[in-house]
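Peer 1: input15.csv is reproduced in full below (CSV, C-alpha atoms and all ligand atoms).
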```
chain,number,residue,atom,x,y,z
A,1,MET,CA,-16.4,39.3,-24.5
A,2,GLY,CA,-18.6,36.4,-25.4
A,3,LEU,CA,-17.5,33.6,-23.1
A,4,PRO,CA,-18.4,30.0,-23.6
A,5,THR,CA,-19.6,28.1,-20.5
A,6,GLU,CA,-21.1,24.6,-20.1
A,7,THR,CA,-24.6,26.1,-19.7
A,8,VAL,CA,-25.0,29.0,-22.2
A,9,TYR,CA,-22.7,31.7,-23.5
A,10,GLY,CA,-22.1,34.7,-21.2
A,11,LEU,CA,-21.4,38.3,-22.0
A,12,ALA,CA,-18.5,38.7,-19.7
A,13,CYS,CA,-16.7,41.7,-18.3
A,14,ASP,CA,-14.5,42.7,-15.4
A,15,GLY,CA,-16.9,42.6,-12.4
A,16,THR,CA,-14.8,45.0,-10.4
A,17,ARG,CA,-15.3,47.9,-12.9
A,18,PRO,CA,-18.6,49.7,-12.9
A,19,GLU,CA,-18.0,51.3,-16.3
A,20,ALA,CA,-17.5,47.8,-17.9
A,21,VAL,CA,-20.6,46.5,-16.1
A,22,ALA,CA,-22.6,49.4,-17.3
A,23,GLY,CA,-21.6,48.5,-20.9
A,24,VAL,CA,-22.9,45.0,-20.4
A,25,PHE,CA,-26.2,46.2,-19.0
A,26,ALA,CA,-26.5,48.7,-21.9
A,27,ALA,CA,-25.6,46.1,-24.6
A,28,LYS,CA,-28.2,43.7,-23.4
A,29,ALA,CA,-30.8,46.4,-22.6
A,30,ARG,CA,-31.0,44.8,-19.2
A,31,PRO,CA,-32.8,46.5,-16.4
A,32,ALA,CA,-30.3,47.7,-13.7
A,33,PHE,CA,-32.3,46.1,-10.9
A,34,ASN,CA,-31.4,42.6,-12.3
A,35,PRO,CA,-28.0,41.6,-10.8
A,36,LEU,CA,-25.3,39.5,-12.6
A,37,ILE,CA,-23.5,36.3,-11.6
A,38,ALA,CA,-19.8,36.6,-10.7
A,39,HIS,CA,-17.8,33.8,-12.3
A,40,VAL,CA,-14.6,32.7,-10.6
A,41,PRO,CA,-12.1,29.8,-11.2
A,42,GLY,CA,-12.5,28.1,-7.8
A,43,LEU,CA,-13.7,28.1,-4.2
A,44,ALA,CA,-10.8,30.3,-2.9
A,45,ALA,CA,-11.6,33.1,-5.4
A,46,ALA,CA,-15.3,32.7,-4.5
A,47,GLN,CA,-14.5,33.2,-0.8
A,48,ALA,CA,-13.2,36.7,-1.6
A,49,VAL,CA,-16.5,37.5,-3.3
A,50,GLY,CA,-19.2,36.0,-0.9
A,51,ARG,CA,-19.4,34.9,2.7
A,52,PHE,CA,-19.4,31.1,2.8
A,53,CYS,CA,-21.2,29.4,5.6
A,54,ALA,CA,-20.4,25.7,6.1
A,55,ARG,CA,-23.5,24.7,4.0
A,56,ALA,CA,-22.3,26.9,1.1
A,57,GLU,CA,-18.8,25.4,1.3
A,58,ALA,CA,-20.3,21.9,1.1
A,59,LEU,CA,-22.4,22.8,-1.9
A,60,ALA,CA,-19.4,24.3,-3.7
A,61,GLU,CA,-17.3,21.2,-3.0
A,62,ALA,CA,-20.1,19.0,-4.3
A,63,PHE,CA,-21.0,20.9,-7.5
A,64,TRP,CA,-18.2,23.1,-8.6
A,65,PRO,CA,-17.0,23.5,-11.2
A,66,GLY,CA,-20.5,23.1,-12.6
A,67,PRO,CA,-23.9,24.6,-13.3
A,68,LEU,CA,-24.8,25.7,-9.8
A,69,THR,CA,-24.9,29.3,-8.7
A,70,LEU,CA,-24.9,30.2,-5.0
A,71,VAL,CA,-26.5,33.4,-3.7
A,72,LEU,CA,-24.6,34.4,-0.5
A,73,GLU,CA,-24.2,37.5,1.6
A,74,ALA,CA,-21.5,39.5,-0.1
A,75,ALA,CA,-18.1,39.5,1.6
A,76,PRO,CA,-17.5,42.8,3.4
A,77,ASP,CA,-14.8,43.8,0.9
A,78,THR,CA,-16.2,42.0,-2.1
A,79,PRO,CA,-14.4,43.0,-5.3
A,80,VAL,CA,-17.7,42.7,-7.3
A,81,CYS,CA,-19.0,46.2,-7.8
A,82,GLU,CA,-22.3,47.4,-6.5
A,83,LEU,CA,-23.8,47.9,-10.0
A,84,ALA,CA,-23.2,44.3,-10.9
A,85,ARG,CA,-24.9,43.3,-7.6
A,86,ALA,CA,-27.8,45.7,-8.3
A,87,GLY,CA,-27.1,47.2,-4.9
A,88,LEU,CA,-28.1,44.0,-3.1
A,89,ALA,CA,-26.4,42.8,0.1
A,90,THR,CA,-26.1,39.4,-1.6
A,91,VAL,CA,-24.1,38.2,-4.5
A,92,ALA,CA,-24.5,35.3,-7.0
A,93,ILE,CA,-21.3,33.2,-7.6
A,94,ARG,CA,-20.4,30.2,-9.7
A,95,VAL,CA,-17.4,28.3,-11.0
A,96,PRO,CA,-18.2,27.3,-14.6
A,97,ALA,CA,-17.2,23.8,-15.9
A,98,HIS,CA,-15.8,24.8,-19.3
A,99,PRO,CA,-12.1,24.6,-20.0
A,100,VAL,CA,-12.1,27.9,-21.9
A,101,ALA,CA,-14.0,29.8,-19.2
A,102,LEU,CA,-11.8,28.4,-16.5
A,103,ALA,CA,-8.6,29.3,-18.4
A,104,VAL,CA,-9.8,32.9,-18.9
A,105,LEU,CA,-10.8,33.2,-15.3
A,106,GLU,CA,-7.4,31.8,-14.0
A,107,ALA,CA,-5.5,34.1,-16.3
A,108,PHE,CA,-7.6,37.2,-15.6
A,109,GLY,CA,-7.4,36.9,-11.8
A,110,ARG,CA,-10.6,38.9,-11.1
A,111,PRO,CA,-14.2,37.9,-11.1
A,112,LEU,CA,-16.0,38.1,-14.5
A,113,VAL,CA,-19.6,39.0,-14.3
A,114,ALA,CA,-21.5,37.4,-17.1
A,115,PRO,CA,-25.2,37.4,-17.9
A,116,SER,CA,-26.3,35.2,-20.7
A,117,ALA,CA,-25.2,36.8,-24.0
A,118,ASN,CA,-28.6,37.4,-25.5
A,119,ARG,CA,-30.6,40.6,-25.8
A,120,SER,CA,-32.6,40.9,-22.5
A,121,GLY,CA,-35.7,38.7,-22.7
A,122,TYR,CA,-34.7,36.8,-25.8
A,123,VAL,CA,-33.7,33.1,-26.2
A,124,SER,CA,-30.3,32.4,-24.5
A,125,PRO,CA,-27.3,31.6,-26.7
A,126,THR,CA,-25.7,28.2,-26.8
A,127,THR,CA,-23.2,28.9,-29.7
A,128,ALA,CA,-20.7,31.6,-30.5
A,129,GLY,CA,-22.8,32.2,-33.7
A,130,HIS,CA,-25.9,33.0,-31.5
A,131,VAL,CA,-24.0,35.6,-29.7
A,132,ALA,CA,-22.8,37.2,-32.9
A,133,ALA,CA,-26.3,37.1,-34.3
A,134,ASP,CA,-27.8,38.8,-31.3
A,135,PHE,CA,-25.4,41.7,-31.2
A,136,ALA,CA,-25.0,42.0,-35.0
A,137,GLY,CA,-24.7,45.5,-36.4
A,138,VAL,CA,-25.2,48.1,-33.8
A,139,GLU,CA,-23.4,46.6,-30.9
A,140,LEU,CA,-21.1,43.8,-32.1
A,141,GLU,CA,-17.9,45.8,-32.5
A,142,ARG,CA,-18.4,48.1,-29.6
A,143,ALA,CA,-20.0,46.0,-27.0
A,144,VAL,CA,-18.8,42.5,-27.9
A,145,PRO,CA,-15.4,43.0,-29.5
A,146,VAL,CA,-14.3,39.4,-28.8
A,147,ILE,CA,-16.3,36.2,-28.8
A,148,LEU,CA,-14.4,33.1,-27.8
A,149,ASP,CA,-15.8,30.0,-29.6
A,150,GLY,CA,-15.8,27.1,-27.2
A,151,GLY,CA,-18.2,25.0,-29.3
A,152,PRO,CA,-21.9,24.4,-28.5
A,153,ALA,CA,-22.7,24.7,-24.8
A,154,GLN,CA,-23.2,21.2,-23.4
A,155,ALA,CA,-25.9,21.5,-20.9
A,156,GLY,CA,-27.9,24.1,-22.9
A,157,LEU,CA,-29.8,25.5,-19.9
A,158,GLU,CA,-28.6,28.1,-17.4
A,159,SER,CA,-27.3,27.2,-14.0
A,160,THR,CA,-29.5,26.3,-11.1
A,161,ILE,CA,-29.6,29.2,-8.6
A,162,LEU,CA,-29.7,28.4,-4.9
A,163,ARG,CA,-30.0,31.0,-2.1
A,164,VAL,CA,-28.0,29.7,0.9
A,165,PRO,CA,-29.1,31.5,4.1
A,166,ASP,CA,-26.4,31.8,6.7
A,167,ASP,CA,-28.8,30.3,9.3
A,168,PRO,CA,-28.7,26.5,8.8
A,169,ALA,CA,-32.2,26.3,10.2
A,170,GLN,CA,-33.5,28.3,7.1
A,171,PRO,CA,-34.1,26.1,4.0
A,172,LEU,CA,-32.2,26.5,0.8
A,173,VAL,CA,-34.3,28.4,-1.7
A,174,ARG,CA,-34.1,27.4,-5.4
A,175,LEU,CA,-34.4,30.7,-7.2
A,176,ARG,CA,-34.0,29.3,-10.7
A,177,LYS,CA,-34.5,25.7,-12.0
A,178,GLY,CA,-31.5,24.8,-14.1
A,179,ALA,CA,-28.9,22.4,-15.2
A,180,VAL,CA,-28.4,20.9,-11.8
A,181,THR,CA,-31.7,19.0,-11.4
A,182,GLY,CA,-33.8,18.6,-8.3
A,183,ASP,CA,-33.0,14.9,-8.4
A,184,ALA,CA,-29.2,15.7,-8.3
A,185,LEU,CA,-29.9,17.9,-5.2
A,186,THR,CA,-32.0,15.2,-3.6
A,187,ALA,CA,-29.3,12.6,-4.3
A,188,ARG,CA,-27.0,14.7,-2.1
A,189,GLY,CA,-29.5,14.7,0.7
A,190,LEU,CA,-30.4,18.3,0.2
A,191,ALA,CA,-33.8,19.8,0.8
A,192,TRP,CA,-34.9,23.1,-0.6
A,193,VAL,CA,-38.0,25.2,-1.3
A,194,ASP,CA,-38.8,26.8,-4.6
A,195,ALA,CA,-39.0,30.6,-4.7
A,196,SER,CA,-42.5,31.7,-5.5
A,197,VAL,CA,-42.9,34.6,-7.9
A,198,GLY,CA,-43.7,37.6,-5.8
A,199,GLY,CA,-42.4,35.8,-2.7
A,200,ALA,CA,-40.0,37.4,-0.3
A,201,ILE,CA,-36.9,36.0,-1.9
A,202,ALA,CA,-36.6,35.7,-5.7
A,203,ALA,CA,-34.1,36.1,-8.5
A,204,PRO,CA,-35.1,39.5,-9.8
A,205,GLY,CA,-34.6,38.3,-13.4
A,206,MET,CA,-37.1,35.4,-12.9
A,207,LEU,CA,-40.1,37.7,-12.4
A,208,LEU,CA,-40.1,38.7,-16.1
A,209,ARG,CA,-41.3,37.2,-19.3
A,210,HIS,CA,-38.1,35.8,-20.5
A,211,TYR,CA,-36.3,33.4,-22.9
A,212,ALA,CA,-38.9,34.4,-25.5
A,213,PRO,CA,-38.9,33.9,-29.3
A,214,ALA,CA,-40.4,36.7,-31.5
A,215,ALA,CA,-43.1,34.4,-32.8
A,216,ALA,CA,-46.1,33.4,-30.8
A,217,LEU,CA,-45.6,30.1,-28.9
A,218,ARG,CA,-48.1,27.4,-27.9
A,219,LEU,CA,-47.2,24.8,-25.3
A,220,ASN,CA,-48.2,21.2,-24.6
A,221,VAL,CA,-49.3,20.7,-28.2
A,222,THR,CA,-49.7,17.2,-29.4
A,223,ARG,CA,-51.2,18.1,-32.8
A,224,PRO,CA,-49.8,21.3,-34.4
A,225,GLU,CA,-52.2,23.3,-36.6
A,226,PRO,CA,-51.5,24.6,-40.1
A,227,GLY,CA,-49.4,27.7,-39.8
A,228,GLU,CA,-47.5,26.3,-36.8
A,229,LEU,CA,-43.9,25.1,-36.8
A,230,TYR,CA,-43.6,22.2,-34.4
A,231,LEU,CA,-40.9,21.4,-31.8
A,232,ALA,CA,-41.4,17.7,-31.1
A,233,PHE,CA,-40.2,15.6,-28.3
A,234,GLY,CA,-39.8,12.1,-29.8
A,235,PRO,CA,-40.1,11.6,-33.6
A,236,LEU,CA,-41.7,14.5,-35.6
A,237,PRO,CA,-45.3,13.4,-36.2
A,238,PRO,CA,-46.3,12.7,-39.9
A,239,GLY,CA,-47.4,15.9,-41.6
A,240,ALA,CA,-45.9,18.2,-39.0
A,241,VAL,CA,-43.3,20.8,-40.1
A,242,GLY,CA,-40.5,21.5,-37.7
A,243,THR,CA,-37.9,19.6,-35.8
A,244,SER,CA,-37.5,17.4,-32.8
A,245,LEU,CA,-35.7,18.3,-29.5
A,246,SER,CA,-34.9,14.6,-29.1
A,247,GLU,CA,-35.9,11.8,-31.5
A,248,ARG,CA,-35.3,9.3,-28.7
A,249,ALA,CA,-37.3,11.4,-26.2
A,250,ASP,CA,-34.3,12.1,-23.9
A,251,VAL,CA,-34.6,15.2,-21.7
A,252,VAL,CA,-30.9,15.7,-21.5
A,253,GLU,CA,-30.5,15.8,-25.3
A,254,ALA,CA,-33.6,18.1,-25.4
A,255,ALA,CA,-32.1,20.5,-23.0
A,256,GLY,CA,-29.0,20.7,-25.0
A,257,ARG,CA,-31.0,21.5,-28.2
A,258,LEU,CA,-33.7,23.7,-26.7
A,259,TYR,CA,-32.4,27.2,-27.3
A,260,ALA,CA,-30.8,26.5,-30.7
A,261,SER,CA,-34.0,24.8,-32.0
A,262,LEU,CA,-36.1,27.7,-30.7
A,263,ARG,CA,-33.8,30.2,-32.5
A,264,THR,CA,-33.9,28.3,-35.8
A,265,LEU,CA,-37.7,27.8,-35.8
A,266,ASP,CA,-38.2,31.4,-34.6
A,267,ALA,CA,-36.2,32.8,-37.5
A,268,GLU,CA,-38.2,30.6,-40.0
A,269,ALA,CA,-41.6,31.5,-38.3
A,270,SER,CA,-40.9,35.2,-38.3
A,271,ALA,CA,-39.8,35.2,-41.9
A,272,ARG,CA,-42.9,33.3,-43.0
A,273,GLY,CA,-45.5,34.8,-40.7
A,274,LEU,CA,-46.0,31.5,-38.8
A,275,SER,CA,-46.1,30.6,-35.1
A,276,LEU,CA,-44.5,28.0,-32.9
A,277,ALA,CA,-46.0,25.0,-31.1
A,278,VAL,CA,-44.1,22.8,-28.7
A,279,ALA,CA,-44.8,19.2,-27.6
A,280,PRO,CA,-45.4,18.3,-23.9
A,281,ILE,CA,-42.1,17.7,-22.2
A,282,PRO,CA,-42.1,15.3,-19.2
A,283,ALA,CA,-41.4,17.0,-15.9
A,284,GLN,CA,-38.7,14.6,-14.9
A,285,GLY,CA,-35.0,15.5,-14.5
A,286,LEU,CA,-34.0,18.4,-16.7
A,287,GLY,CA,-37.6,18.4,-18.0
A,288,GLU,CA,-38.4,20.5,-15.0
A,289,ALA,CA,-36.1,23.3,-16.1
A,290,ILE,CA,-37.1,22.9,-19.8
A,291,ASN,CA,-40.7,23.4,-18.9
A,292,ASP,CA,-39.8,26.4,-16.7
A,293,ARG,CA,-38.1,28.1,-19.7
A,294,LEU,CA,-40.9,27.3,-22.1
A,295,THR,CA,-43.6,28.6,-19.7
A,296,ARG,CA,-41.7,31.9,-19.4
A,297,ALA,CA,-41.1,32.0,-23.2
A,298,ALA,CA,-44.8,31.6,-23.9
A,299,ARG,CA,-46.0,34.1,-21.2
A,300,GLY,CA,-48.4,36.5,-22.7
A,301,ARG,CA,-48.0,35.0,-26.2
A,302,MET,CA,-50.2,31.9,-26.1
B,401,LIG,O1,-25.7,29.5,-16.5
B,401,LIG,C1,-25.7,30.7,-16.1
B,401,LIG,O2,-26.0,31.0,-15.0
B,401,LIG,C2,-25.3,31.7,-17.2
B,401,LIG,C3,-23.8,31.6,-17.5
B,401,LIG,C4,-23.4,32.6,-18.5
B,401,LIG,O3,-23.1,31.5,-16.4
B,401,LIG,N1,-25.6,33.0,-16.7
B,401,LIG,C5,-26.9,33.5,-16.5
B,401,LIG,O4,-26.9,34.8,-16.2
B,401,LIG,O5,-27.8,32.9,-16.7
B,401,LIG,P1,-28.2,35.7,-16.2
B,401,LIG,O6,-27.8,37.1,-15.9
B,401,LIG,O7,-28.9,35.5,-17.5
B,401,LIG,O8,-29.1,35.2,-15.1
B,401,LIG,C6,-28.7,35.4,-13.7
B,401,LIG,C7,-29.8,35.3,-12.8
B,401,LIG,C8,-30.9,36.4,-12.9
B,401,LIG,O9,-32.2,35.9,-12.8
B,401,LIG,C9,-30.6,37.3,-11.7
B,401,LIG,O10,-31.8,37.9,-11.2
B,401,LIG,C10,-30.1,36.2,-10.7
B,401,LIG,O11,-29.3,35.4,-11.4
B,401,LIG,N2,-29.3,36.8,-9.6
B,401,LIG,C11,-28.1,37.4,-9.7
B,401,LIG,N3,-27.7,37.9,-8.5
B,401,LIG,C12,-28.6,37.6,-7.6
B,401,LIG,C13,-28.8,37.9,-6.2
B,401,LIG,N4,-27.9,38.5,-5.5
B,401,LIG,N5,-30.0,37.4,-5.6
B,401,LIG,C14,-30.9,36.8,-6.4
B,401,LIG,N6,-30.8,36.5,-7.7
B,401,LIG,C15,-29.7,36.9,-8.3
B,402,MG,MG,-30.4,35.2,-19.0
```
Would you put the structure from the file into structure tokens?
Ligand code: TXA
Ligand code: MG

Peer 2:
Amino acid sequence: MGLPTETVYGLACDGTRPEAVAGVFAAKARPAFNPLIAHVPGLAAAQAVGRFCARAEALAEAFWPGPLTLVLEAAPDTPVCELARAGLATVAIRVPAHPVALAVLEAFGRPLVAPSANRSGYVSPTTAGHVAADFAGVELERAVPVILDGGPAQAGLESTILRVPDDPAQPLVRLRKGAVTGDALTARGLAWVDASVGGAIAAPGMLLRHYAPAAALRLNVTRPEPGELYLAFGPLPPGAVGTSLSERADVVEAAGRLYASLRTLDAEASARGLSLAVAPIPAQGLGEAINDRLTRAARGRM
């Protein structure tokens, strides 16, 4: 089912059933080496899925429910099937902060694995309509028989992913920048290192070109050229055609609108043979994760 969360919509299924998980991989055309996040309604349920060291427990208490995913050693009898974990010894877990997601998880009683409910590599969905559009025709009835409409996703960017090594002497590794900002981690006195692409530890999904519109995309553009639709930060400049991520240049508002704006402009650009240009986004706060997504979206297409 299409499941609303506070970050983006997920394509959720029973994480304990390999045949269901295989259906999600197939519907998304997602490579099988890219593991899924297990969603649970609280810490107690999470403790059945992964092995919590003291540091992981403290992180869960500080940030759950919320947009933080913890990558831990899988519990010896974890209910999350091997296919969902891509055969890894670790498992990614989060407790979403969306009332609809929490109600479904409580009622279901087993972990739901849920990748973002977009076709693999495309822009993530922040509304129920985006999910329906991505799986329209071929797969909608079969692969996504139910979409729960929980309104537009509030954060608009995926969860932050932290690898939490059991050994407290090893640093936390941020595998994906996301809705929990670096500043929010720092404010809790946490130190971390960012995973480097090609480094020893990485989120397999982050190695790919990702979050990408169909149209070509140019970044850090202050003056769009003719033939470009412009995604501004601040007021749309005179003469430019497009829309603004945030008229008042607020990164939180911009994060919330990023994927929906990209989808709208991409549809228009593709229909009219145009390309996309995006304004520079400040690297502060959520701007860090916005720039991460835009860089991946533009990879190989600039
Ligand atoms: O906000 C979110 O996290 C959304 C909502 C639906 O919860 N989900 C989401 O899932 O973004 P997905 O599948 O699009 O991204 C999950 C990321 C992938 O990059 C995957 O490689 C990484 O998590 N991941 C999952 N399990 C992992 C593991 N054991 N070790 C390292 N990375 C892992
Ligand atoms: Mg995704």

Peer 1: Quote the spacing between atom CA of A:Ala249 and atom CA of A:Gln284 in Å to one decimal place.

Peer 2: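 Those two atoms sit 11.8 Å apart.
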
Peer 1: List all protein, DNA and RNA residues that have an atom no more than 7 Å from any atom of ligand MG 402 (chain B), counting all atoms listed in the file, and report them as JSON, numbers by chain.

Peer 2: {"A": [115, 116, 124]}

Peer 1: For the residues in that selection, give me C-alpha atoms as a compact mmCIF listing (two decimals), in the frame of the given file.

Peer 2:
```txt
# COMPACT_ATOMS: atom_id res chain seq x y z
CA PRO A 115 -25.20 37.40 -17.90
CA SER A 116 -26.30 35.20 -20.70
CA SER A 124 -30.30 32.40 -24.50
```

Peer 1: Hey, can you check how far atom CA of A:Gly178 sits from atom CA of A:Pro67?

Peer 2: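 According to the coordinates, atom CA of A:Gly178 and atom CA of A:Pro67 are separated by 7.6 Å.
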
Peer 1: Would you list the contacts of stretch 29-43 of chain A as a ChimeraX atom specification, taking every protein, DNA or RNA residue within 6 Å and counting all atoms listed in the file, but skipping same-chain residues closer than 6 positions in sequence?

Peer 2: /A:84-86,92-95,102,105-106,111-115,120,204-205

Peer 1: Pull the neighbourhood of (-18.4, 30.9, -24.8) for me: all residues within 6 Å in file coordinates, counting only C-alpha atoms, as a list in words.

Peer 2: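 So the residues meeting the distance criterion are Gly2, Leu3, Pro4, Thr5, Tyr9, Leu148, Asp149 and Gly150 of chain A.
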
Peer 1: Name the closest residue to A:Leu276 among the candidates A:Leu229, A:Ala260, A:Ala297, A:Ala60; distances are taken between atoms, counting only C-alpha atoms.

Peer 2: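 For A:Leu276, the nearest of the given residues is A:Leu229.
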
Peer 1: Please provide the set of residues having any atom within 6 Å of A:Val144, restricted to all atoms listed in the file, with same-chain residues fewer than 3 positions apart removed, written as a list of chain:residue names.

Peer 2: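 Close residues of A:Val144: A:Met1, A:Leu140, A:Glu141.
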
Peer 1: For stretch 181-197 of chain A, list every protein, DNA or RNA residue within 6 Å, evaluated using only C-alpha atoms, and leave out those in the same chain fewer than 2 positions away; present the list as a list of chain:residue names.

Peer 2: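 Selected residues are A:Pro171, A:Leu172, A:Val173, A:Arg174, A:Leu175, A:Ala179, A:Gly199, A:Ala202, A:Gly285, A:Leu286.
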
Peer 1: Name the residues in contact with A:Pro79 at a cut-off of 9 Å, using all atoms listed in the file, excluding same-chain residues fewer than 5 positions from it; report them as a list in words.

Peer 2: Gly15, Thr16, Ala48, Val49, Arg110 and Pro111 of chain A

Peer 1: Taking into account only C-alpha atoms and all ligand atoms, which residue in the set A:Glu82, A:Asp77, A:Glu57, A:Asp266 is nearest to ligand LIG 401 (chain B)?

Peer 2: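 Using only C-alpha atoms and all ligand atoms, the shortest distance to ligand LIG 401 (chain B) belongs to A:Glu82.
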
Peer 1: Ranking A:Ile161, A:Ala45, A:Ala133, A:Ala12 by minimum distance to A:Leu72 and counting only C-alpha atoms, which one comes first?

Peer 2: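 The shortest atom-to-atom distance to A:Leu72 comes from A:Ile161.
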
Peer 1: Near A:Leu157, counting only C-alpha atoms, which residues have an atom at most 8 Å away, once you skip same-chain residues fewer than 5 positions from it, shown as a PyMOL selection string?

Peer 2: chain A and resi 7-8+178-179+255-256+289-290

Peer 1: Would you save the residues from that selection as a tab-separated table (two decimals), in the coordinates of the input, using C-alpha atoms?

Peer 2:
```
chain	number	residue	atom	x	y	z
A	7	THR	CA	-24.60	26.10	-19.70
A	8	VAL	CA	-25.00	29.00	-22.20
A	178	GLY	CA	-31.50	24.80	-14.10
A	179	ALA	CA	-28.90	22.40	-15.20
A	255	ALA	CA	-32.10	20.50	-23.00
A	256	GLY	CA	-29.00	20.70	-25.00
A	289	ALA	CA	-36.10	23.30	-16.10
A	290	ILE	CA	-37.10	22.90	-19.80
```

Peer 1: Go ahead and compute the interatomic distance for atom CA of A:Ile147 and atom O7 of ligand LIG 401 (chain B), in Å to one decimal.

Peer 2: 16.9 Å

Peer 1: Taking all atoms listed in the file into account, which of A:Leu258, A:Val146, A:Val123, A:Leu11 comes nearest ligand LIG 401 (chain B)?

Peer 2: A:Leu11

Peer 1: Measuring between only C-alpha atoms and all ligand atoms, which one of A:Arg223, A:Arg218, A:His98, A:Arg299 shows the shortest distance to ligand LIG 401 (chain B)?

Peer 2: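 Checking each of A:Arg223, A:Arg218, A:His98, A:Arg299 against ligand LIG 401 (chain B), counting only C-alpha atoms and all ligand atoms, the winner is A:His98.
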
Peer 1: Hey, which of A:Glu158, A:Glu6, A:Glu73, A:Asp134 ends up closest to ligand LIG 401 (chain B)? Count only C-alpha atoms and all ligand atoms.

Peer 2: A:Glu158
